[in-house]
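Down below is the structure, laid out as structure tokens.
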Amino acid sequence: MAELDEIIHQPLRLRIMAALNALPAGALGLEFARLKKLTGATDGNLGAHIETLARAGYVTIDKAFVGKKPQTTVTATATGRGAFARHVASLQEIIAGAGK
Amino acid sequence: MSKMDARIDAKQAASALSDIASIARRVRQSTIYRLASMMLVLWGGVSCVGYLLTYLSPPTAYYTWIAVYIVGIGGSIVIVTIQRRQSGIRMLDLRMSTAAALFIAFGLFTCLLGHFGPRELSTFWPIYFMLAYVLVGLWTGLAFVVIGLSIAALTLIGYFFVGDWFDLWMAFVNGGGLILGGLWMRRD
């Protein structure tokens, strides 16, 4: 039976994980501003969902300064990539099951 | 891992997968746009300087443009290297590098066969590179097409109508156009 990940299944968190997983493993991740644009989220909403993913161990959050400007970079962890891959496989299983 | 029962139907699952695919496409496009915007700003800057120096000192144009290409190519290699480290995506593989080399070689042969003078050379190369931009844009995004066609059109206007001000025209049209195009793509 397909088992969906309840952390990832939320629509905005799904989009966040999709964006992070579009980059190869080992890439530096996506800046907060870029993630916001890609997912269409507001600042507060995006921040809250990123924190949820970080608490689950699916992403890491790195805060640094580029000159005087603070920059937050979000990167998918190996755990997060695995969870996302399983979630996608479950979605595909649901579709395949409906076709039978 | 937190799991839940599959309480979604196939339609909802398909919608989620479609969302995932759409985001992945946007990430890839934005990565290409980021790289392209840095390249446009770089080449816009060096071209602008090259045309201004050519306008101010025509006899040294040959050396000016050698320096322009050295700085431009060197800067491009740095940009591609940094981009690859940050995104992990390899934008230029052996096939693309070979395609770029062939593209430039065909351009050189065309210039030789056509016996182009300085004005023709200054017109041909920007239009030739803008052709590449437009062709790439047919697959990667509208911004490339708009930038490519706009600069090509303005270059042709300069060639036919601007007279002795041509190099100055090109400094702003080609150099400035590439910089503005690069900054516009950065917003995307």
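Labels for the structure tokens follow display order: chains A, B, ..., residues from 1 in each chain, ligands from 1.
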Which polymer residues have any atom within 10 Å of an atom of Ala19 of chain A, counting only C-alpha atoms, with same-chain residues fewer than 3 positions away left out, as a PyMOL selection string? (chain A and resi 13-16+22-23+29-30+34-35+38-39+75-76) or (chain B and resi 20-28)
Test item: residues at most 9 Å from Ala25 of chain A, only C-alpha atoms, excluding those fewer than 4 positions along its chain, as number ranges by chain: A: 21, 76-78, 81; B: 88
Between atom CA of Cys111 of chain B and atom CA of Ala143 of chain B, distance in Å (one decimal): 28.3 Å
Counting only C-alpha atoms, a student should be able to say which residues of chain A come within 7 Å of chain B; what is the right answer, written as a PDB file with N, CA, C and O atoms, in the first residue's frame?
ATOM      1  N   ALA A   2       0.504   2.235  -0.823  1.00  0.00           N
ATOM      2  CA  ALA A   2       1.326   3.436  -0.932  1.00  0.00           C
ATOM      3  C   ALA A   2       1.308   4.191   0.389  1.00  0.00           C
ATOM      4  O   ALA A   2       0.256   4.445   0.962  1.00  0.00           O
ATOM      5  N   GLU A   3       2.502   4.551   0.868  1.00  0.00           N
ATOM      6  CA  GLU A   3       2.599   5.301   2.123  1.00  0.00           C
ATOM      7  C   GLU A   3       3.181   6.668   1.818  1.00  0.00           C
ATOM      8  O   GLU A   3       4.354   6.778   1.485  1.00  0.00           O
ATOM      9  N   LEU A   4       2.343   7.681   1.953  1.00  0.00           N
ATOM     10  CA  LEU A   4       2.799   9.035   1.679  1.00  0.00           C
ATOM     11  C   LEU A   4       3.411   9.645   2.923  1.00  0.00           C
ATOM     12  O   LEU A   4       2.981   9.352   4.045  1.00  0.00           O
ATOM     13  N   ASP A   5       4.402  10.476   2.705  1.00  0.00           N
ATOM     14  CA  ASP A   5       5.074  11.153   3.812  1.00  0.00           C
ATOM     15  C   ASP A   5       4.254  12.374   4.222  1.00  0.00           C
ATOM     16  O   ASP A   5       4.094  13.300   3.427  1.00  0.00           O
ATOM     17  N   GLU A   6       3.746  12.390   5.442  1.00  0.00           N
ATOM     18  CA  GLU A   6       2.840  13.485   5.837  1.00  0.00           C
ATOM     19  C   GLU A   6       3.587  14.816   5.958  1.00  0.00           C
ATOM     20  O   GLU A   6       2.980  15.874   5.825  1.00  0.00           O
ATOM     21  N   ILE A   7       4.902  14.758   6.196  1.00  0.00           N
ATOM     22  CA  ILE A   7       5.667  16.018   6.250  1.00  0.00           C
ATOM     23  C   ILE A   7       5.757  16.610   4.849  1.00  0.00           C
ATOM     24  O   ILE A   7       5.521  17.794   4.627  1.00  0.00           O
ATOM     25  N   ARG A  15       6.421  21.382  -2.797  1.00  0.00           N
ATOM     26  CA  ARG A  15       7.099  22.239  -3.788  1.00  0.00           C
ATOM     27  C   ARG A  15       8.527  22.569  -3.343  1.00  0.00           C
ATOM     28  O   ARG A  15       9.446  22.613  -4.148  1.00  0.00           O
ATOM     29  N   ALA A  18      10.544  19.510  -3.925  1.00  0.00           N
ATOM     30  CA  ALA A  18      10.710  19.296  -5.368  1.00  0.00           C
ATOM     31  C   ALA A  18      11.807  20.205  -5.907  1.00  0.00           C
ATOM     32  O   ALA A  18      12.640  19.789  -6.710  1.00  0.00           O
ATOM     33  N   ALA A  19      11.810  21.457  -5.460  1.00  0.00           N
ATOM     34  CA  ALA A  19      12.823  22.411  -5.922  1.00  0.00           C
ATOM     35  C   ALA A  19      14.210  21.980  -5.462  1.00  0.00           C
ATOM     36  O   ALA A  19      15.172  21.985  -6.240  1.00  0.00           O
ATOM     37  N   ALA A  22      15.512  18.993  -7.309  1.00  0.00           N
ATOM     38  CA  ALA A  22      15.826  19.222  -8.721  1.00  0.00           C
ATOM     39  C   ALA A  22      17.318  19.486  -8.899  1.00  0.00           C
ATOM     40  O   ALA A  22      17.845  19.360 -10.005  1.00  0.00           O
ATOM     41  N   LEU A  23      17.982  19.849  -7.807  1.00  0.00           N
ATOM     42  CA  LEU A  23      19.436  20.023  -7.854  1.00  0.00           C
ATOM     43  C   LEU A  23      20.097  18.698  -7.508  1.00  0.00           C
ATOM     44  O   LEU A  23      19.569  17.945  -6.699  1.00  0.00           O
ATOM     45  N   PRO A  24      21.267  18.413  -8.100  1.00  0.00           N
ATOM     46  CA  PRO A  24      21.932  17.145  -7.780  1.00  0.00           C
ATOM     47  C   PRO A  24      22.403  17.132  -6.320  1.00  0.00           C
ATOM     48  O   PRO A  24      22.606  18.193  -5.722  1.00  0.00           O
ATOM     49  N   GLY A  26      24.832  17.196  -3.371  1.00  0.00           N
ATOM     50  CA  GLY A  26      26.138  17.852  -3.323  1.00  0.00           C
ATOM     51  C   GLY A  26      26.092  19.303  -3.757  1.00  0.00           C
ATOM     52  O   GLY A  26      27.037  20.055  -3.518  1.00  0.00           O
ATOM     53  N   ALA A  27      24.996  19.711  -4.398  1.00  0.00           N
ATOM     54  CA  ALA A  27      24.860  21.125  -4.791  1.00  0.00           C
ATOM     55  C   ALA A  27      24.643  21.965  -3.537  1.00  0.00           C
ATOM     56  O   ALA A  27      24.238  21.458  -2.495  1.00  0.00           O
ATOM     57  N   LEU A  28      24.880  23.270  -3.650  1.00  0.00           N
ATOM     58  CA  LEU A  28      24.833  24.138  -2.476  1.00  0.00           C
ATOM     59  C   LEU A  28      23.428  24.475  -1.970  1.00  0.00           C
ATOM     60  O   LEU A  28      23.300  25.122  -0.956  1.00  0.00           O
ATOM     61  N   LEU A  38      10.347  30.486  -6.658  1.00  0.00           N
ATOM     62  CA  LEU A  38      10.024  29.222  -7.320  1.00  0.00           C
ATOM     63  C   LEU A  38       8.721  28.612  -6.807  1.00  0.00           C
ATOM     64  O   LEU A  38       7.956  28.013  -7.551  1.00  0.00           O
ATOM     65  N   LEU A  91       3.340   8.164  -4.822  1.00  0.00           N
ATOM     66  CA  LEU A  91       2.391   8.868  -5.705  1.00  0.00           C
ATOM     67  C   LEU A  91       2.222   8.091  -7.013  1.00  0.00           C
ATOM     68  O   LEU A  91       1.108   7.908  -7.514  1.00  0.00           O
ATOM     69  N   ILE A  94       0.125   5.019  -6.509  1.00  0.00           N
ATOM     70  CA  ILE A  94      -1.309   5.324  -6.443  1.00  0.00           C
ATOM     71  C   ILE A  94      -1.885   5.423  -7.843  1.00  0.00           C
ATOM     72  O   ILE A  94      -2.961   4.884  -8.142  1.00  0.00           O
ATOM     73  N   ILE A  95      -1.157   6.093  -8.740  1.00  0.00           N
ATOM     74  CA  ILE A  95      -1.620   6.250 -10.123  1.00  0.00           C
ATOM     75  C   ILE A  95      -1.644   4.904 -10.821  1.00  0.00           C
ATOM     76  O   ILE A  95      -2.608   4.560 -11.520  1.00  0.00           O
ATOM     77  N   ALA A  98      -4.557   2.761  -9.701  1.00  0.00           N
ATOM     78  CA  ALA A  98      -5.851   3.196 -10.226  1.00  0.00           C
ATOM     79  C   ALA A  98      -6.038   2.726 -11.658  1.00  0.00           C
ATOM     80  O   ALA A  98      -7.161   2.561 -12.134  1.00  0.00           O
TER      81      ALA A  98
END
Identify, on the basis of only C-alpha atoms, every residue whose closest approach to segment 150-157 of chain B does not exceed 8 Å; exclude the query and any residue fewer than 3 positions from it along the same chain; express the result as a VMD selection string. chain B and resid 123 126 to 127 130 146 to 147 160 to 162 170 173 to 174 177 to 178
What would the file look like if the residues just selected were written as an mmCIF file, in the first residue's frame with C-alpha atoms?
data_model
loop_
_atom_site.group_PDB
_atom_site.id
_atom_site.type_symbol
_atom_site.label_atom_id
_atom_site.label_comp_id
_atom_site.auth_asym_id
_atom_site.auth_seq_id
_atom_site.Cartn_x
_atom_site.Cartn_y
_atom_site.Cartn_z
ATOM 1 C CA THR B 123 28.213 43.785 -37.436
ATOM 2 C CA PRO B 126 27.155 40.321 -32.670
ATOM 3 C CA ILE B 127 24.401 39.175 -35.050
ATOM 4 C CA MET B 130 22.532 36.695 -31.234
ATOM 5 C CA VAL B 146 13.706 38.822 -27.138
ATOM 6 C CA ILE B 147 17.267 39.837 -26.251
ATOM 7 C CA PHE B 160 22.971 50.738 -42.449
ATOM 8 C CA PHE B 161 22.096 54.115 -40.959
ATOM 9 C CA VAL B 162 24.525 55.321 -38.290
ATOM 10 C CA MET B 170 27.512 49.458 -30.874
ATOM 11 C CA VAL B 173 23.394 48.941 -28.374
ATOM 12 C CA ASN B 174 25.441 45.770 -28.165
ATOM 13 C CA GLY B 177 21.902 45.822 -24.590
ATOM 14 C CA LEU B 178 23.667 42.718 -23.340
#
When DSSP works through the backbone of this structure, what residues of segment 1-85 of chain A end up as strand (DSSP E), shown as a VMD selection string? chain A and resid 4 to 5 30 to 31 59 to 66 69 to 76
Hey, which of B:Ala36, B:Ala61, B:Leu42, B:Cys48 ends up closest to Pro118 of chain B? Count only C-alpha atoms.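 Using only C-alpha atoms, the shortest distance to Pro118 of chain B belongs to B:Ala61.
Take atom CA of Phe124 of chain B and atom CA of Gly107 of chain B: the distance between them is 8.6 Å.
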What is the distance between atom CA of Ala101 of chain B and atom CA of Pro59 of chain B, in Å to one decimal?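 These two atoms are separated by 28.7 Å.
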